[in-house]
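K.L.:
To be precise about what I am sending: the file is called run_23.txt and holds compact mmCIF, C-alpha atoms.
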```txt
# COMPACT_ATOMS: atom_id res chain seq x y z
CA MET A 28 -39.36 -38.30 -5.68
CA PRO A 29 -41.63 -37.44 -2.71
CA PHE A 30 -41.87 -33.87 -1.44
CA LYS A 31 -39.44 -32.92 1.31
CA ARG A 32 -40.31 -29.28 2.09
CA PHE A 33 -43.84 -28.79 3.36
CA VAL A 34 -45.92 -25.73 4.07
CA GLU A 35 -46.39 -25.98 7.83
CA ILE A 36 -46.36 -23.66 10.79
CA GLY A 37 -42.75 -22.85 11.48
CA ARG A 38 -41.47 -23.40 7.93
CA VAL A 39 -38.89 -20.79 6.97
CA ALA A 40 -39.39 -19.44 3.45
CA LEU A 41 -37.84 -16.88 1.12
CA VAL A 42 -40.07 -14.24 -0.46
CA ASN A 43 -39.41 -14.34 -4.21
CA TYR A 44 -41.72 -11.60 -5.52
CA GLY A 45 -42.92 -8.21 -4.41
CA LYS A 46 -41.99 -5.51 -1.98
CA ASP A 47 -40.24 -7.90 0.43
CA TYR A 48 -38.24 -9.68 -2.27
CA GLY A 49 -35.33 -11.60 -0.78
CA ARG A 50 -36.56 -11.59 2.82
CA LEU A 51 -36.47 -14.71 5.01
CA VAL A 52 -39.84 -15.22 6.70
CA VAL A 53 -41.58 -17.83 8.85
CA ILE A 54 -45.01 -19.26 8.04
CA VAL A 55 -47.04 -18.73 11.22
CA ASP A 56 -50.50 -19.67 9.95
CA VAL A 57 -52.35 -20.80 6.84
CA VAL A 58 -55.21 -18.55 5.73
CA ASP A 59 -56.71 -20.69 3.00
CA GLN A 60 -55.72 -22.82 0.04
CA ASN A 61 -53.58 -20.10 -1.47
CA ARG A 62 -52.40 -17.82 1.28
CA ALA A 63 -50.31 -17.99 4.41
CA LEU A 64 -49.68 -15.64 7.27
CA ILE A 65 -45.99 -14.84 7.49
CA ASP A 66 -43.87 -13.09 10.06
CA ALA A 67 -40.26 -12.08 10.50
CA PRO A 68 -38.42 -10.28 13.32
CA ASP A 69 -38.19 -6.98 11.42
CA MET A 70 -41.55 -6.76 9.68
CA VAL A 71 -45.26 -6.50 10.40
CA ARG A 72 -47.06 -9.86 10.22
CA CYS A 73 -48.96 -10.11 6.91
CA GLN A 74 -50.58 -12.50 4.48
CA ILE A 75 -48.90 -13.64 1.30
CA ASN A 76 -49.72 -15.98 -1.55
CA PHE A 77 -47.82 -19.29 -1.58
CA LYS A 78 -46.74 -18.52 -5.12
CA ARG A 79 -44.63 -15.70 -3.74
CA LEU A 80 -42.76 -18.00 -1.35
CA SER A 81 -39.86 -20.36 -1.91
CA LEU A 82 -39.72 -22.93 0.90
CA THR A 83 -36.39 -23.66 2.54
CA ASP A 84 -35.17 -26.70 4.46
CA ILE A 85 -35.29 -24.87 7.77
CA LYS A 86 -38.14 -25.36 10.21
CA ILE A 87 -38.60 -23.86 13.65
CA ASP A 88 -40.70 -25.04 16.58
CA ILE A 89 -43.57 -22.60 17.14
CA LYS A 90 -47.28 -22.75 17.86
CA ARG A 91 -49.85 -21.17 15.55
CA VAL A 92 -49.39 -17.35 15.34
CA PRO A 93 -46.91 -16.80 18.15
CA LYS A 94 -46.15 -13.43 19.71
CA LYS A 95 -43.30 -11.50 18.14
CA THR A 96 -40.99 -12.06 21.09
CA THR A 97 -41.81 -15.78 21.13
CA LEU A 98 -41.08 -15.96 17.42
CA ILE A 99 -37.74 -14.19 17.80
CA LYS A 100 -36.74 -16.51 20.64
CA ALA A 101 -37.73 -19.58 18.64
CA MET A 102 -35.70 -18.37 15.67
CA GLU A 103 -32.65 -17.87 17.84
CA ASP A 104 -33.05 -21.26 19.47
CA ALA A 105 -33.21 -22.92 16.08
CA ASP A 106 -30.25 -20.78 14.91
CA VAL A 107 -32.04 -19.90 11.66
CA LYS A 108 -29.61 -17.16 10.66
CA ASN A 109 -26.49 -19.34 10.82
CA LYS A 110 -28.20 -22.35 9.27
CA TRP A 111 -29.30 -20.16 6.36
CA GLU A 112 -25.95 -18.46 5.84
CA ASN A 113 -24.13 -21.79 5.89
CA SER A 114 -26.50 -23.48 3.46
CA SER A 115 -25.39 -23.52 -0.16
CA TRP A 116 -28.54 -21.60 -1.19
CA GLY A 117 -27.87 -18.92 1.43
CA LYS A 118 -24.21 -18.69 0.49
CA LYS A 119 -25.09 -18.22 -3.17
CA LEU A 120 -27.40 -15.33 -2.34
CA ILE A 121 -24.76 -13.64 -0.23
CA VAL A 122 -22.25 -13.88 -3.09
CA GLN A 123 -24.82 -12.53 -5.56
CA LYS A 124 -25.50 -9.53 -3.33
CA ARG A 125 -21.80 -8.87 -2.92
CA ARG A 126 -21.18 -9.04 -6.67
CA ALA A 127 -24.04 -6.63 -7.39
CA LEU A 128 -22.37 -3.95 -5.30
CA LEU A 129 -18.97 -4.20 -6.97
CA ASN A 130 -17.41 -0.99 -8.24
CA ASP A 131 -15.90 -0.77 -11.76
CA PHE A 132 -12.43 -0.87 -10.15
CA ASP A 133 -13.48 -3.86 -8.03
CA ARG A 134 -14.65 -5.70 -11.12
CA PHE A 135 -11.29 -5.02 -12.73
CA LYS A 136 -9.45 -6.40 -9.68
CA VAL A 137 -11.66 -9.50 -9.74
CA MET A 138 -10.76 -10.01 -13.40
CA LEU A 139 -7.05 -9.78 -12.61
CA ALA A 140 -7.47 -12.23 -9.72
CA ARG A 141 -9.32 -14.72 -11.93
CA ILE A 142 -6.61 -14.57 -14.57
CA LYS A 143 -3.95 -15.09 -11.91
CA ARG A 144 -5.85 -18.04 -10.41
CA GLY A 145 -6.36 -19.58 -13.85
CA GLY A 146 -2.65 -19.22 -14.54
CA ALA A 147 -1.72 -20.91 -11.27
CA ILE A 148 -4.13 -23.79 -11.95
CA ARG A 149 -2.75 -24.31 -15.44
CA GLN A 150 0.80 -24.32 -14.13
CA GLU A 151 -0.04 -27.02 -11.58
CA LEU A 152 -1.87 -29.02 -14.23
CA ALA A 153 1.13 -28.82 -16.53
CA LYS A 154 3.35 -30.05 -13.70
CA LEU A 155 1.01 -32.97 -13.02
CA LYS A 156 0.82 -33.86 -16.70
CA LYS A 157 4.60 -33.82 -16.94
CA ALA A 158 4.88 -36.05 -13.88
CA ALA A 159 2.31 -38.50 -15.27
CA ALA A 160 3.96 -38.64 -18.68
CA MET B 26 -80.15 69.92 -11.28
CA ALA B 27 -83.44 68.13 -11.61
CA PRO B 28 -84.18 67.36 -15.22
CA THR B 29 -86.96 69.31 -16.96
CA SER B 30 -89.91 67.32 -18.19
CA LYS B 31 -90.32 66.50 -21.84
CA LEU B 32 -93.28 67.22 -24.09
CA SER B 33 -92.13 64.60 -26.58
CA GLN B 34 -88.90 62.98 -27.67
CA GLY B 35 -86.46 65.80 -28.19
CA ILE B 36 -88.82 68.60 -27.19
CA ARG B 37 -88.28 70.08 -23.78
CA LYS B 38 -90.89 71.92 -21.83
CA ALA B 39 -88.57 74.68 -20.64
CA SER B 40 -87.15 77.21 -23.06
CA ARG B 41 -83.47 77.90 -23.62
CA SER B 42 -83.43 81.08 -21.57
CA HIS B 43 -85.41 79.43 -18.80
CA THR B 44 -82.97 76.56 -18.49
CA TYR B 45 -80.03 79.02 -18.60
CA HIS B 46 -81.40 80.67 -15.51
CA ARG B 47 -82.34 77.37 -13.83
CA ARG B 48 -78.90 75.88 -14.23
CA GLY B 49 -77.25 78.91 -12.68
CA LEU B 50 -74.97 79.54 -15.63
CA TRP B 51 -75.27 83.29 -14.86
CA ALA B 52 -73.72 82.58 -11.45
CA ILE B 53 -70.78 80.68 -12.92
CA LYS B 54 -70.21 83.55 -15.33
CA ALA B 55 -70.31 86.07 -12.53
CA LYS B 56 -67.89 83.99 -10.45
CA HIS B 57 -65.35 83.93 -13.27
CA GLY B 58 -65.61 87.60 -14.25
CA GLY B 59 -68.18 87.52 -17.03
CA ALA B 60 -67.09 84.56 -19.08
CA PHE B 61 -67.19 80.78 -18.84
CA PRO B 62 -63.98 79.20 -17.59
CA LYS B 63 -62.15 77.77 -20.55
CA ALA B 64 -60.69 74.26 -20.06
CA VAL B 65 -56.96 74.06 -20.72
CA LYS B 66 -56.51 72.23 -23.98
CA PRO B 67 -53.90 69.46 -23.79
CA LEU B 68 -50.88 69.97 -26.00
CA ALA B 69 -51.36 68.73 -29.54
CA ALA B 70 -50.16 65.15 -30.03
CA ALA B 71 -47.14 64.42 -32.24
CA ALA B 72 -47.70 64.77 -35.93
CA ALA B 73 -49.79 61.90 -37.30
CA PRO B 74 -47.54 59.23 -38.78
CA LYS B 75 -47.53 58.85 -42.54
CA PHE B 76 -47.93 55.11 -42.40
CA TYR B 77 -50.08 52.89 -40.21
CA PRO B 78 -49.27 49.16 -40.52
CA ALA B 79 -52.26 46.94 -41.39
CA ASP B 80 -51.80 44.61 -38.36
CA ASP B 81 -50.97 45.42 -34.77
CA VAL B 82 -47.78 43.36 -34.49
CA LYS B 83 -45.33 43.78 -31.62
CA PRO B 84 -41.73 44.13 -32.80
CA ARG B 85 -39.57 41.07 -31.88
CA GLN B 86 -37.32 41.74 -28.89
CA PRO B 87 -33.99 39.92 -28.58
CA SER B 88 -34.02 37.57 -25.57
CA THR B 89 -32.28 38.88 -22.47
CA ARG B 90 -32.16 35.37 -20.92
CA LYS B 91 -28.70 34.28 -19.85
CA PRO B 92 -27.87 30.55 -19.72
CA ASN B 93 -27.07 29.13 -16.27
CA ALA B 94 -23.65 27.74 -15.38
CA THR B 95 -23.42 24.03 -16.23
CA LYS B 96 -24.26 21.96 -13.17
CA LEU B 97 -21.59 19.43 -12.27
CA ARG B 98 -22.97 15.99 -11.47
CA SER B 99 -22.75 15.26 -7.75
CA SER B 100 -20.89 12.02 -8.48
CA ILE B 101 -18.02 13.95 -10.11
CA SER B 102 -15.40 15.63 -7.91
CA PRO B 103 -11.69 16.37 -8.46
CA GLY B 104 -9.85 13.05 -8.55
CA THR B 105 -12.79 10.96 -9.75
CA VAL B 106 -11.98 8.31 -12.33
CA LEU B 107 -14.22 8.84 -15.37
CA ILE B 108 -14.94 6.51 -18.28
CA LEU B 109 -14.99 8.34 -21.63
CA LEU B 110 -17.85 7.15 -23.80
CA ALA B 111 -17.19 8.76 -27.17
CA GLY B 112 -14.46 10.09 -29.34
CA ARG B 113 -10.91 9.06 -29.98
CA PHE B 114 -10.39 7.87 -26.39
CA MET B 115 -13.66 5.93 -26.10
CA GLY B 116 -13.56 3.51 -23.19
CA LYS B 117 -10.48 5.03 -21.58
CA ARG B 118 -10.47 5.59 -17.86
CA VAL B 119 -9.20 9.08 -17.02
CA VAL B 120 -8.79 11.26 -13.97
CA PHE B 121 -11.01 14.33 -13.56
CA LEU B 122 -9.19 17.52 -12.57
CA LYS B 123 -11.64 20.41 -12.57
CA GLN B 124 -14.64 21.90 -14.32
CA LEU B 125 -13.79 24.81 -16.65
CA LYS B 126 -15.82 27.98 -16.98
CA SER B 127 -17.35 26.76 -20.25
CA GLY B 128 -18.84 23.81 -18.36
CA LEU B 129 -16.52 21.23 -19.90
CA LEU B 130 -14.53 18.89 -17.69
CA LEU B 131 -10.73 19.04 -17.61
CA VAL B 132 -9.26 15.52 -17.59
CA THR B 133 -5.90 13.88 -17.99
CA GLY B 134 -4.95 10.22 -18.63
CA PRO B 135 -2.33 10.60 -17.14
CA PHE B 136 -0.59 10.67 -20.50
CA LYS B 137 2.14 8.19 -19.57
CA ILE B 138 -0.41 5.64 -18.34
CA ASN B 139 -3.03 5.63 -21.07
CA GLY B 140 -2.13 8.20 -23.71
CA VAL B 141 -4.88 10.68 -22.87
CA PRO B 142 -3.41 14.22 -22.66
CA ILE B 143 -4.79 17.17 -20.71
CA ARG B 144 -8.09 17.43 -22.49
CA ARG B 145 -11.57 18.88 -22.27
CA VAL B 146 -14.54 16.54 -22.21
CA ASN B 147 -18.30 17.06 -22.06
CA GLN B 148 -20.02 15.80 -18.94
CA ALA B 149 -22.69 14.07 -21.03
CA TYR B 150 -20.17 11.70 -22.63
CA VAL B 151 -18.76 10.42 -19.39
CA ILE B 152 -19.57 7.78 -16.78
CA ALA B 153 -18.41 8.74 -13.30
CA THR B 154 -17.06 5.83 -11.27
CA SER B 155 -16.86 5.89 -7.51
CA THR B 156 -13.07 5.41 -7.59
CA LYS B 157 -11.15 8.49 -6.48
CA VAL B 158 -7.50 9.43 -6.91
CA ASP B 159 -5.72 11.83 -4.60
CA VAL B 160 -5.22 15.09 -6.54
CA SER B 161 -4.08 17.29 -3.68
CA GLY B 162 -0.61 17.58 -5.21
CA VAL B 163 -1.85 18.71 -8.62
CA ASN B 164 -2.05 22.36 -9.68
CA VAL B 165 -4.26 23.12 -12.68
CA ASP B 166 -4.95 26.79 -11.95
CA LYS B 167 -3.34 28.10 -15.10
CA ILE B 168 -5.28 25.85 -17.48
CA ASP B 169 -8.55 27.31 -18.72
CA ASP B 170 -10.63 27.33 -21.90
CA LYS B 171 -8.30 29.79 -23.66
CA TYR B 172 -5.46 27.25 -23.28
CA PHE B 173 -7.28 25.01 -25.76
CA ALA B 174 -8.06 27.68 -28.38
CA ARG B 175 -6.98 26.84 -31.92
CA ASP B 176 -4.13 28.82 -33.53
CA LYS B 177 -5.41 31.11 -36.27
CA LYS B 178 -3.94 29.94 -39.56
CA LYS B 179 -2.61 32.70 -41.77
CA LYS B 180 -3.52 31.97 -45.37
CA ALA B 181 -0.89 33.17 -47.79
CA LYS B 182 -2.29 34.43 -51.08
CA LYS B 183 -1.62 31.84 -53.78
CA THR B 184 -0.75 32.64 -57.34
CA GLU B 185 -2.68 30.95 -60.11
CA GLY B 186 -0.04 28.33 -60.61
CA GLU B 187 0.12 27.40 -56.97
CA LEU B 188 -3.66 27.13 -56.64
CA PHE B 189 -3.67 23.87 -58.54
CA GLU B 190 -0.81 22.37 -56.57
CA THR B 191 -1.66 20.12 -53.66
CA GLU B 192 -1.42 21.80 -50.29
CA LYS B 193 1.87 21.36 -48.56
CA GLU B 194 1.41 19.41 -45.34
CA THR B 195 2.10 21.72 -42.45
CA THR B 196 3.00 19.47 -39.54
CA LYS B 197 1.32 20.66 -36.37
CA ASP B 198 3.73 20.07 -33.53
CA LEU B 199 2.60 20.43 -29.95
CA PRO B 200 4.18 23.58 -28.53
CA GLN B 201 6.84 22.81 -25.93
CA PHE B 202 5.02 24.55 -23.11
CA LYS B 203 2.06 22.21 -23.47
CA LYS B 204 4.33 19.19 -23.16
CA GLU B 205 5.84 20.72 -20.02
CA ASP B 206 2.39 21.38 -18.55
CA GLN B 207 1.41 17.76 -19.20
CA LYS B 208 4.50 16.50 -17.36
CA ALA B 209 3.94 18.91 -14.47
CA VAL B 210 0.31 17.90 -13.98
CA ASP B 211 0.99 14.19 -14.33
CA ALA B 212 4.02 14.01 -12.01
CA ALA B 213 2.07 14.35 -8.75
CA LEU B 214 -0.84 12.31 -10.14
CA ILE B 215 1.26 9.31 -11.11
CA LYS B 216 2.80 9.20 -7.64
CA ALA B 217 -0.68 9.11 -6.08
CA ILE B 218 -1.82 6.44 -8.56
CA GLU B 219 1.15 4.15 -7.95
CA ALA B 220 0.38 4.21 -4.25
CA VAL B 221 -2.82 2.24 -4.88
CA PRO B 222 -2.29 -1.38 -6.02
CA ASP B 223 -3.63 -2.23 -9.49
CA LEU B 224 -4.83 1.33 -10.12
CA LYS B 225 -2.17 1.95 -12.77
CA THR B 226 -3.19 -1.11 -14.82
CA TYR B 227 -6.83 -0.15 -14.26
CA LEU B 228 -6.31 3.29 -15.79
CA GLY B 229 -4.29 1.78 -18.63
CA ALA B 230 -7.10 -0.60 -19.61
CA ARG B 231 -10.14 0.36 -21.66
CA PHE B 232 -13.67 -0.28 -20.44
CA SER B 233 -15.95 -2.50 -22.48
CA LEU B 234 -19.17 -4.40 -22.05
CA ARG B 235 -18.97 -8.17 -22.13
CA ASP B 236 -21.61 -10.86 -22.54
CA GLY B 237 -23.93 -10.90 -19.55
CA ASP B 238 -23.15 -7.34 -18.49
CA LYS B 239 -26.23 -5.33 -17.62
CA PRO B 240 -25.13 -1.66 -17.58
CA HIS B 241 -28.37 -0.48 -16.02
CA GLU B 242 -27.69 -2.76 -13.05
CA MET B 243 -23.95 -2.21 -12.78
CA VAL B 244 -22.65 -0.05 -10.00
CA PHE B 245 -19.92 2.23 -11.28
```
Turn this file's structure into structure tokens for me.
P.N.:
Amino acid sequence: MPFKRFVEIGRVALVNYGKDYGRLVVIVDVVDQNRALIDAPDMVRCQINFKRLSLTDIKIDIKRVPKKTTLIKAMEDADVKNKWENSSWGKKLIVQKRRALLNDFDRFKVMLARIKRGGAIRQELAKLKKAAA
Amino acid sequence: MAPTSKLSQGIRKASRSHTYHRRGLWAIKAKHGGAFPKAVKPLAAAAAPKFYPADDVKPRQPSTRKPNATKLRSSISPGTVLILLAGRFMGKRVVFLKQLKSGLLLVTGPFKINGVPIRRVNQAYVIATSTKVDVSGVNVDKIDDKYFARDKKKKAKKTEGELFETEKETTKDLPQFKKEDQKAVDAALIKAIEAVPDLKTYLGARFSLRDGDKPHEMVF
């Protein structure tokens, strides 16, 4: 019931609207009631509305508005990249991106693989049913 | 020559003979042997036409503009797998061979895989996928637009009685040389296709949109 992910300095968030859609950023300062200052290793520090952010579970240990190099070091120490890619949310996004780039031939091969997998599952199920009967 | 003053509008102060002397016309006459030099009259224009049209309208000229050669989409190159979007073979995936002089694309199924023969197809009715087949072993030099020209039917004159009879069905058989050409073109292609796993079944299947498919977001 209570909130678990808070807007705080060091909170890692995902941009969900705008030019930087899909980028993982760190909240480095709060501007006012609606806006935060965000930063990431490969972008210029900028302000963004909270409505455009989706908070993640990851938090890093930084002071208010750190230097870029300090930020990068803090992110590496906290192992943000691996934590994100191993989280179920992060894994889902990676799969979505991969699926979006599939070729028509790739999609066909995926279809064949799914049919094959379904067939194998049904065979096993039939075996189990027979054994239980 | 300074102008002579006027007494009133149209009335000059100096007399005719006085102005003759003033202007030196006697000197010009003396220079040219006693007579004024006569200007050479230009040759008389052509005889006046009988008829002048009421309006000045320019006659329409036929256009000398020649159409440019059809540009081949950069995503299409020999060996590309194309998806046909219209016609009898709608949805079939075929292999592109070359662009003909008329601008149409020459494709083949191959025939044994999906039933599409050596055929011409318009670029506009085709989706180019990024899948490519190796066509280095295929020779399509002798196939051009004339290859696909229709045979001229010779209509025999019918007598009155025959006119009311139903037309006898003339079965149009494919000439043997076309069947041979199909086999020749497809032989090398099929070998290249079988080298890639699943490609043969891919070309044999038709393309269709399913629920949830967003064609504007799909990468082909």
K.L.:
I need the residue nearest Ala101 of chain A from this list: A:Ile121, A:Gln60, A:Arg38, A:Asn130. Use all atoms listed in the file for the distance.
P.N.:
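Of A:Ile121, A:Gln60, A:Arg38, A:Asn130, the one nearest Ala101 of chain A is A:Arg38, counting all atoms listed in the file.
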K.L.:
Within 12 Å of chain B, which residues of chain A are there when counting all atoms listed in the file? Please give them as a list in words.
P.N.:
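That gives Lys124, Arg125, Arg126, Ala127, Leu128, Leu129, Asn130, Asp131, Phe132, Asp133, Arg134, Phe135, Lys136, Val137, Met138, Leu139 and Ala140 of chain A for chain A.
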K.L.:
Tell me, in Å to one decimal, how far atom CA of Ile138 of chain B is from atom CA of Val210 of chain B.
P.N.:
13.0 Å
K.L.:
Can you tell me, as a list in words, what residues are no more than 9 Å from Gly140 of chain B when counting all atoms listed in the file, ignoring any on the same chain fewer than 5 positions away?
P.N.:
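The contact residues come out as Phe114, Thr133, Gly134, Pro135 and Gly229 of chain B.
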K.L.:
Please indicate the distance in Å from atom CA of Arg118 of chain B to atom CA of Asn139 of chain B, rounded to one decimal place.
P.N.:
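The value is 8.1 Å.
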K.L.:
When you draw a straight line from atom CA of Leu107 of chain B to atom CA of Lys225 of chain B, how long is it in Å?
P.N.:
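Separating atom CA of Leu107 of chain B from atom CA of Lys225 of chain B is a distance of 14.1 Å.
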K.L.:
Tell me which of A:Asp56, A:Lys156, A:Leu82, A:Pro29 sits closest to Leu41 of chain A, counting only C-alpha atoms.
P.N.:
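Smallest distance to Leu41 of chain A is found for A:Leu82.
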K.L.:
Could you list, as a PDB file with C-alpha atoms, in the coordinates of the input, every residue within 7 Å of segment 72-78 of chain A, counting only C-alpha atoms and ignoring same-chain residues fewer than 2 positions away?
P.N.:
```
ATOM      1  CA  ASN A  61     -53.580 -20.100  -1.470  1.00  0.00           C
ATOM      2  CA  ARG A  62     -52.400 -17.820   1.280  1.00  0.00           C
ATOM      3  CA  ALA A  63     -50.310 -17.990   4.410  1.00  0.00           C
ATOM      4  CA  LEU A  64     -49.680 -15.640   7.270  1.00  0.00           C
ATOM      5  CA  ILE A  65     -45.990 -14.840   7.490  1.00  0.00           C
ATOM      6  CA  ASP A  66     -43.870 -13.090  10.060  1.00  0.00           C
ATOM      7  CA  MET A  70     -41.550  -6.760   9.680  1.00  0.00           C
ATOM      8  CA  LEU A  80     -42.760 -18.000  -1.350  1.00  0.00           C
TER       9      LEU A  80
END
```
K.L.:
Restricting the calculation to only C-alpha atoms, which member of A:Gly145, A:Asp106, A:Glu112, A:Ser81 is positioned closest to Tyr44 of chain A?
P.N.:
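Closest residue, counting only C-alpha atoms: A:Ser81.
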K.L.:
Would you save segment 33-113 of chain B from the block above with C-alpha atoms, as a short mmCIF file (atom, residue, chain, number, x, y, z; two decimals), in the first residue's frame?
P.N.:
```cif
data_model
loop_
_atom_site.label_atom_id
_atom_site.label_comp_id
_atom_site.auth_asym_id
_atom_site.auth_seq_id
_atom_site.Cartn_x
_atom_site.Cartn_y
_atom_site.Cartn_z
CA SER B 33 1.71 81.29 -84.84
CA GLN B 34 0.79 77.64 -84.66
CA GLY B 35 1.60 76.20 -88.05
CA ILE B 36 2.95 79.42 -89.56
CA ARG B 37 6.68 79.65 -89.88
CA LYS B 38 8.58 82.86 -90.14
CA ALA B 39 10.95 81.66 -92.85
CA SER B 40 9.70 80.94 -96.35
CA ARG B 41 10.05 77.66 -98.18
CA SER B 42 12.93 78.80 -100.34
CA HIS B 43 14.67 80.36 -97.36
CA THR B 44 14.54 77.15 -95.36
CA TYR B 45 15.72 75.17 -98.43
CA HIS B 46 18.85 77.24 -98.47
CA ARG B 47 19.26 77.20 -94.67
CA ARG B 48 19.06 73.44 -94.43
CA GLY B 49 21.73 72.98 -97.08
CA LEU B 50 19.57 70.80 -99.28
CA TRP B 51 21.37 72.36 -102.31
CA ALA B 52 24.63 70.93 -100.94
CA ILE B 53 23.21 67.43 -100.55
CA LYS B 54 21.92 67.63 -104.10
CA ALA B 55 25.28 68.76 -105.39
CA LYS B 56 27.05 65.97 -103.48
CA HIS B 57 24.85 63.33 -105.09
CA GLY B 58 24.98 64.68 -108.65
CA GLY B 59 21.89 66.86 -108.81
CA ALA B 60 19.27 64.71 -107.16
CA PHE B 61 18.35 63.61 -103.66
CA PRO B 62 19.63 60.17 -102.70
CA LYS B 63 16.76 57.75 -102.94
CA ALA B 64 16.43 55.28 -100.03
CA VAL B 65 16.44 51.64 -101.11
CA LYS B 66 12.91 50.37 -100.71
CA PRO B 67 12.73 47.03 -98.88
CA LEU B 68 11.37 44.16 -100.94
CA ALA B 69 7.59 43.94 -100.90
CA ALA B 70 6.28 41.61 -98.19
CA ALA B 71 4.54 38.35 -99.12
CA ALA B 72 1.09 38.69 -100.55
CA ALA B 73 -1.43 39.63 -97.86
CA PRO B 74 -3.22 36.53 -96.58
CA LYS B 75 -6.85 36.10 -97.54
CA PHE B 76 -7.91 35.28 -94.02
CA TYR B 77 -6.92 36.77 -90.68
CA PRO B 78 -8.18 34.78 -87.66
CA ALA B 79 -10.20 36.81 -85.13
CA ASP B 80 -7.99 35.87 -82.13
CA ASP B 81 -4.23 35.63 -81.87
CA VAL B 82 -4.01 31.98 -80.81
CA LYS B 83 -0.74 30.04 -80.88
CA PRO B 84 -1.09 26.66 -82.60
CA ARG B 85 -0.75 23.71 -80.14
CA GLN B 86 2.66 22.04 -80.35
CA PRO B 87 3.01 18.33 -79.54
CA SER B 88 5.11 17.85 -76.39
CA THR B 89 8.72 16.87 -76.99
CA ARG B 90 9.14 15.75 -73.34
CA LYS B 91 10.45 12.23 -72.96
CA PRO B 92 9.61 10.24 -69.80
CA ASN B 93 12.55 9.32 -67.57
CA ALA B 94 13.59 5.71 -66.97
CA THR B 95 11.72 4.23 -63.99
CA LYS B 96 13.82 4.60 -60.86
CA LEU B 97 14.39 1.33 -59.02
CA ARG B 98 13.86 1.59 -55.28
CA SER B 99 17.16 1.44 -53.41
CA SER B 100 15.84 -1.41 -51.27
CA ILE B 101 15.42 -3.63 -54.35
CA SER B 102 18.45 -5.38 -55.83
CA PRO B 103 18.83 -8.69 -57.72
CA GLY B 104 18.09 -11.50 -55.28
CA THR B 105 15.81 -9.49 -52.99
CA VAL B 106 12.74 -11.33 -51.73
CA LEU B 107 9.65 -9.28 -52.62
CA ILE B 108 6.09 -9.59 -51.32
CA LEU B 109 3.49 -9.21 -54.09
CA LEU B 110 0.58 -7.07 -52.98
CA ALA B 111 -1.97 -7.45 -55.75
CA GLY B 112 -3.11 -9.76 -58.45
CA ARG B 113 -3.36 -13.50 -58.72
#
```
